[in-house]
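Chemist: Structure file query.cif (mmCIF, C-alpha atoms) right here:
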data_input
#
loop_
_atom_site.group_PDB
_atom_site.id
_atom_site.type_symbol
_atom_site.label_atom_id
_atom_site.label_comp_id
_atom_site.auth_asym_id
_atom_site.auth_seq_id
_atom_site.Cartn_x
_atom_site.Cartn_y
_atom_site.Cartn_z
ATOM 1 C CA MET A 69 0.352 5.692 -0.945
ATOM 2 C CA LYS A 70 2.309 7.071 1.999
ATOM 3 C CA THR A 71 0.335 6.694 5.218
ATOM 4 C CA CYS A 72 0.487 8.198 8.711
ATOM 5 C CA LEU A 73 -1.301 7.166 11.903
ATOM 6 C CA ILE A 74 -2.706 10.027 13.967
ATOM 7 C CA VAL A 75 -3.364 9.334 17.659
ATOM 8 C CA ILE A 76 -5.699 12.105 18.812
ATOM 9 C CA ASP A 77 -6.148 13.246 22.427
ATOM 10 C CA VAL A 78 -5.303 9.944 24.115
ATOM 11 C CA GLN A 79 -4.473 11.737 27.334
ATOM 12 C CA GLU A 80 -4.985 11.578 31.073
ATOM 13 C CA SER A 81 -7.144 14.722 31.010
ATOM 14 C CA PHE A 82 -10.236 12.615 30.322
ATOM 15 C CA ARG A 83 -9.916 10.673 33.583
ATOM 16 C CA HIS A 84 -10.771 13.942 35.336
ATOM 17 C CA ARG A 85 -14.057 14.534 33.520
ATOM 18 C CA PRO A 86 -17.346 13.583 35.218
ATOM 19 C CA PHE A 87 -18.424 11.383 32.282
ATOM 20 C CA PHE A 88 -15.275 9.225 32.302
ATOM 21 C CA THR A 89 -15.764 5.520 32.900
ATOM 22 C CA GLU A 90 -13.456 2.595 32.267
ATOM 23 C CA HIS A 91 -16.278 0.538 30.726
ATOM 24 C CA ASP A 92 -14.992 0.571 27.109
ATOM 25 C CA LEU A 93 -11.403 1.495 27.950
ATOM 26 C CA PRO A 94 -9.790 -2.000 27.860
ATOM 27 C CA ALA A 95 -11.180 -2.862 24.398
ATOM 28 C CA TYR A 96 -10.262 0.580 23.105
ATOM 29 C CA LEU A 97 -6.696 0.386 24.421
ATOM 30 C CA GLN A 98 -6.259 -3.091 22.960
ATOM 31 C CA ALA A 99 -7.287 -1.834 19.493
ATOM 32 C CA GLN A 100 -5.363 1.449 19.768
ATOM 33 C CA ASN A 101 -2.194 -0.292 20.939
ATOM 34 C CA ALA A 102 -2.446 -2.945 18.204
ATOM 35 C CA LEU A 103 -2.769 -0.163 15.638
ATOM 36 C CA ILE A 104 0.238 1.700 17.044
ATOM 37 C CA ASP A 105 2.344 -1.459 17.269
ATOM 38 C CA GLY A 106 1.375 -2.496 13.736
ATOM 39 C CA CYS A 107 2.242 0.897 12.298
ATOM 40 C CA VAL A 108 5.562 1.022 14.125
ATOM 41 C CA ALA A 109 6.396 -2.484 12.848
ATOM 42 C CA GLN A 110 5.666 -1.363 9.279
ATOM 43 C CA GLY A 111 7.639 1.872 9.578
ATOM 44 C CA ILE A 112 4.500 3.999 9.316
ATOM 45 C CA PRO A 113 4.940 7.327 11.106
ATOM 46 C CA VAL A 114 2.790 7.768 14.198
ATOM 47 C CA VAL A 115 1.820 11.332 15.101
ATOM 48 C CA ARG A 116 0.603 12.236 18.578
ATOM 49 C CA VAL A 117 -1.902 15.047 19.095
ATOM 50 C CA PHE A 118 -2.792 16.446 22.509
ATOM 51 C CA HIS A 119 -5.649 18.795 23.374
ATOM 52 C CA SER A 120 -5.026 21.761 25.641
ATOM 53 C CA ASP A 121 -7.352 24.686 26.234
ATOM 54 C CA GLY A 122 -9.239 26.661 28.823
ATOM 55 C CA PRO A 123 -7.822 28.510 31.771
ATOM 56 C CA GLU A 124 -4.240 27.633 32.690
ATOM 57 C CA VAL A 125 -5.097 26.514 36.201
ATOM 58 C CA ALA A 126 -4.362 23.199 37.899
ATOM 59 C CA GLU A 127 -8.085 22.444 38.271
ATOM 60 C CA ASN A 128 -8.551 22.362 34.476
ATOM 61 C CA PRO A 129 -7.362 18.899 33.332
ATOM 62 C CA PHE A 130 -6.871 20.205 29.776
ATOM 63 C CA SER A 131 -4.457 22.938 30.861
ATOM 64 C CA GLN A 132 -0.726 22.377 30.636
ATOM 65 C CA VAL A 133 -0.253 23.260 34.314
ATOM 66 C CA SER A 134 -2.598 20.443 35.391
ATOM 67 C CA GLY A 135 -0.026 17.816 34.444
ATOM 68 C CA GLN A 136 -2.792 15.772 32.779
ATOM 69 C CA VAL A 137 -1.956 16.667 29.162
ATOM 70 C CA ARG A 138 0.152 13.524 28.840
ATOM 71 C CA PRO A 139 -0.370 10.037 27.398
ATOM 72 C CA LEU A 140 -3.227 8.040 28.885
ATOM 73 C CA GLN A 141 -2.055 5.288 31.206
ATOM 74 C CA GLY A 142 -2.192 2.005 29.311
ATOM 75 C CA LEU A 143 -1.396 3.532 25.927
ATOM 76 C CA ALA A 144 1.501 1.812 24.166
ATOM 77 C CA THR A 145 4.770 3.676 24.415
ATOM 78 C CA PHE A 146 5.984 4.889 21.035
ATOM 79 C CA ASP A 147 8.397 7.402 19.576
ATOM 80 C CA ALA A 148 6.155 9.932 17.885
ATOM 81 C CA ALA A 149 7.255 11.100 14.444
ATOM 82 C CA ALA A 150 5.862 14.458 15.577
ATOM 83 C CA THR A 151 3.743 15.799 18.437
ATOM 84 C CA PHE A 152 1.207 18.578 18.090
ATOM 85 C CA THR A 153 -0.993 20.336 20.625
ATOM 86 C CA LYS A 154 -4.362 21.640 19.530
ATOM 87 C CA SER A 155 -6.976 23.858 21.111
ATOM 88 C CA ARG A 156 -9.765 23.189 18.608
ATOM 89 C CA HIS A 157 -11.655 20.033 17.626
ATOM 90 C CA SER A 158 -9.775 19.443 14.374
ATOM 91 C CA ALA A 159 -6.142 18.449 14.730
ATOM 92 C CA LEU A 160 -5.570 20.392 11.504
ATOM 93 C CA VAL A 161 -6.512 23.820 12.899
ATOM 94 C CA GLY A 162 -3.657 25.957 14.137
ATOM 95 C CA THR A 163 -1.242 23.116 14.873
ATOM 96 C CA GLY A 164 0.983 22.893 11.806
ATOM 97 C CA LEU A 165 0.002 19.243 11.350
ATOM 98 C CA ASP A 166 -1.203 19.937 7.812
ATOM 99 C CA VAL A 167 2.184 21.421 6.909
ATOM 100 C CA TRP A 168 4.019 18.455 8.467
ATOM 101 C CA LEU A 169 1.867 15.954 6.561
ATOM 102 C CA THR A 170 2.414 17.766 3.269
ATOM 103 C CA ARG A 171 6.179 18.082 3.799
ATOM 104 C CA HIS A 172 6.385 14.344 4.498
ATOM 105 C CA GLY A 173 4.375 13.369 1.430
ATOM 106 C CA ILE A 174 1.561 11.811 3.433
ATOM 107 C CA GLN A 175 -1.450 10.956 1.294
ATOM 108 C CA ARG A 176 -3.493 8.730 3.616
ATOM 109 C CA LEU A 177 -4.289 9.262 7.280
ATOM 110 C CA ILE A 178 -5.346 6.616 9.760
ATOM 111 C CA VAL A 179 -7.439 8.375 12.402
ATOM 112 C CA SER A 180 -7.729 7.046 15.950
ATOM 113 C CA GLY A 181 -8.106 8.389 19.458
ATOM 114 C CA ILE A 182 -10.526 10.141 21.801
ATOM 115 C CA ARG A 183 -13.424 11.213 21.351
ATOM 116 C CA THR A 184 -15.069 9.345 18.515
ATOM 117 C CA GLU A 185 -17.678 11.955 17.608
ATOM 118 C CA GLN A 186 -15.725 15.059 18.456
ATOM 119 C CA CYS A 187 -12.033 15.450 17.671
ATOM 120 C CA CYS A 188 -11.669 12.190 15.717
ATOM 121 C CA GLU A 189 -14.717 12.819 13.525
ATOM 122 C CA THR A 190 -13.945 16.514 13.077
ATOM 123 C CA THR A 191 -10.340 15.821 12.086
ATOM 124 C CA THR A 192 -11.545 13.153 9.650
ATOM 125 C CA ARG A 193 -14.011 15.483 7.947
ATOM 126 C CA HIS A 194 -11.460 18.293 7.786
ATOM 127 C CA ALA A 195 -8.715 16.034 6.400
ATOM 128 C CA SER A 196 -11.042 14.659 3.749
ATOM 129 C CA ASP A 197 -12.077 18.154 2.706
ATOM 130 C CA LEU A 198 -8.395 19.090 2.390
ATOM 131 C CA GLY A 199 -7.778 16.135 0.067
ATOM 132 C CA TRP A 200 -6.323 13.393 2.247
ATOM 133 C CA ASP A 201 -7.633 9.837 2.011
ATOM 134 C CA VAL A 202 -8.734 8.861 5.500
ATOM 135 C CA ASP A 203 -9.036 5.433 7.091
ATOM 136 C CA TYR A 204 -11.176 5.690 10.214
ATOM 137 C CA VAL A 205 -10.642 2.891 12.718
ATOM 138 C CA THR A 206 -13.787 2.979 14.833
ATOM 139 C CA ASP A 207 -12.525 0.318 17.266
ATOM 140 C CA ALA A 208 -9.470 2.499 17.928
ATOM 141 C CA THR A 209 -11.637 5.422 19.013
ATOM 142 C CA LEU A 210 -13.237 5.956 22.401
ATOM 143 C CA THR A 211 -16.191 7.945 23.633
ATOM 144 C CA TRP A 212 -18.690 7.913 26.461
ATOM 145 C CA ASP A 213 -22.443 8.146 26.882
ATOM 146 C CA MET A 214 -23.899 11.609 26.365
ATOM 147 C CA VAL A 215 -27.109 13.244 27.548
ATOM 148 C CA GLN A 216 -29.305 14.450 24.700
ATOM 149 C CA PRO A 217 -31.152 17.788 24.810
ATOM 150 C CA ASP A 218 -34.351 15.947 25.850
ATOM 151 C CA GLY A 219 -32.539 14.394 28.829
ATOM 152 C CA GLN A 220 -32.288 10.881 27.408
ATOM 153 C CA VAL A 221 -28.941 9.117 27.419
ATOM 154 C CA LEU A 222 -27.309 8.398 24.070
ATOM 155 C CA ALA A 223 -25.118 5.329 24.550
ATOM 156 C CA ALA A 224 -21.472 5.426 23.510
ATOM 157 C CA ALA A 225 -22.061 2.451 21.190
ATOM 158 C CA ASP A 226 -24.812 4.396 19.414
ATOM 159 C CA ILE A 227 -22.566 7.437 19.087
ATOM 160 C CA LYS A 228 -19.893 5.262 17.465
ATOM 161 C CA THR A 229 -22.468 3.768 15.075
ATOM 162 C CA ARG A 230 -23.737 7.221 14.128
ATOM 163 C CA THR A 231 -20.200 8.491 13.514
ATOM 164 C CA ALA A 232 -19.355 5.468 11.355
ATOM 165 C CA THR A 233 -22.572 5.947 9.384
ATOM 166 C CA VAL A 234 -21.947 9.605 8.543
ATOM 167 C CA LEU A 235 -18.255 9.146 7.724
ATOM 168 C CA GLN A 236 -18.402 5.969 5.608
ATOM 169 C CA GLY A 237 -18.093 6.633 1.907
ATOM 170 C CA ARG A 238 -18.293 10.390 2.337
ATOM 171 C CA PHE A 239 -15.285 11.347 4.410
ATOM 172 C CA ALA A 240 -13.478 8.088 5.170
ATOM 173 C CA THR A 241 -13.100 4.398 4.657
ATOM 174 C CA LEU A 242 -14.128 2.531 7.788
ATOM 175 C CA CYS A 243 -11.486 -0.002 8.772
ATOM 176 C CA THR A 244 -10.721 -2.534 11.418
ATOM 177 C CA VAL A 245 -7.224 -2.358 12.864
ATOM 178 C CA GLN A 246 -6.060 -5.117 10.518
ATOM 179 C CA GLN A 247 -7.714 -3.560 7.466
ATOM 180 C CA ALA A 248 -6.013 -0.222 8.164
ATOM 181 C CA LEU A 249 -2.640 -1.954 8.532
ATOM 182 C CA ASP A 250 -3.202 -3.969 5.349
ATOM 183 C CA ARG A 251 -4.205 -0.848 3.385
ATOM 184 C CA ALA A 252 -1.107 0.980 4.657
ATOM 185 C CA ALA A 253 1.131 -1.874 3.522
ATOM 186 C CA ALA A 254 -0.373 -2.026 0.020
#
Before we go any further, please render this structure as structure tokens.

Modeler:
Amino acid sequence: MKTCLIVIDVQESFRHRPFFTEHDLPAYLQAQNALIDGCVAQGIPVVRVFHSDGPEVAENPFSQVSGQVRPLQGLATFDAAATFTKSRHSALVGTGLDVWLTRHGIQRLIVSGIRTEQCCETTTRHASDLGWDVDYVTDATLTWDMVQPDGQVLAAADIKTRTATVLQGRFATLCTVQQALDRAAA
């Protein structure tokens, strides 16, 4: 089964958000970089997706003019098989990624990137609904604590657990980095 790694929204824009912390960043980058390096070593195409939206002003870190829609410092350098820019949560909406995947005979996607419960989860659900097999590498996703409607903090670790719970067996196969690489090689 032909596989492709998708690296979603791993960009400097997030450093300029009030919720950004480096707490989980080293472990995330280690997993993300191992996944990228493993895919490159196996000849698996790696697709980069950036997020850009909102007003095109320098103060908006997700605008092109901000200069922050670029790879996150610490991310492994790689030659992307393709690069897409999205303005919605799913990397498959309005980007042409779906067409690229189909043209290249991709049947399985490995999903990784930022944020676990937003663009990574949404892309996973969308891809599954469109018929792709999806391997979701939770360790190669990153998110931050969120404030719930009642004012309580929902920890990033709990968000990742919740995302894994709702995706497993319904929309994706949960994988470690090594499991995703092994499945891609099979």

Chemist: Do you know which residues are at most 6 Å from range 72-78 of chain A counting all atoms listed in the file, after dropping those on the same chain fewer than 4 positions away, and could you put them as a list of chain:residue names?

Modeler: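 Skipping anything fewer than 4 positions along the chain leaves A:Ile112, A:Pro113, A:Val114, A:Val115, A:Arg116, A:Val117, A:Phe118, A:His119, A:Pro139, A:Leu140, A:Leu177, A:Ile178, A:Val179, A:Ser180, A:Gly181, A:Ile182.
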
Chemist: For Met69 in chain A, which of A:Asp92, A:Asp201, A:Glu127, A:Glu185 is the closest residue, counting all atoms listed in the file?

Modeler: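 So, comparing all the options, the nearest one is A:Asp201.
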
Chemist: What is the distance between CA of Arg230 in chain A and CA of Arg176 in chain A, in Å to one decimal?

Modeler: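 Those two atoms sit 22.9 Å apart.
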
Chemist: CA of Ile227 in chain A and CA of Glu189 in chain A are how many Å apart?

Modeler: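 Value for the CA of Ile227 in chain A-CA of Glu189 in chain A distance: 11.0 Å.
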
Chemist: Step by step: start from the point (-12.4, 0.3, 29.7) in the file's coordinates, keep every protein, DNA or RNA residue that has an atom no farther than 12 Å from it, count only C-alpha atoms, and write the set as number ranges by chain.

Modeler: A: 83, 88-99, 141-142, 209-212

Chemist: Hey, could you pull the box centre and edge lengths for range 236-251 of chain A, axis-aligned, 4 Å padding per side, all listed atoms, to one decimal in Å, as JSON?

Modeler:
{"center_x": -10.5, "center_y": 3.1, "center_z": 7.4, "size_x": 23.8, "size_y": 24.5, "size_z": 19.0}

Chemist: Would you list the contacts of Thr241 in chain A as a PyMOL selection string, taking every protein, DNA or RNA residue within 9 Å and counting all atoms listed in the file, but skipping same-chain residues closer than 4 positions in sequence?

Modeler: chain A and resi 201-205+235-237

Chemist: Might you pull out every residue within 9 Å of Phe146 in chain A, with all atoms listed in the file counted and same-chain residues fewer than 4 positions away left off, and present them as a list in words?

Modeler: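 Counting all atoms listed in the file, the residues come to Ile104, Asp105, Val108 and Val114 of chain A.
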
Chemist: Write to file, as a tab-separated table (two decimals), in the coordinates of the input, the residues of the selection just made, with C-alpha atoms.

Modeler:
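Generated output (result_10.tsv):
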chain	number	residue	atom	x	y	z
A	104	ILE	CA	0.24	1.70	17.04
A	105	ASP	CA	2.34	-1.46	17.27
A	108	VAL	CA	5.56	1.02	14.12
A	114	VAL	CA	2.79	7.77	14.20
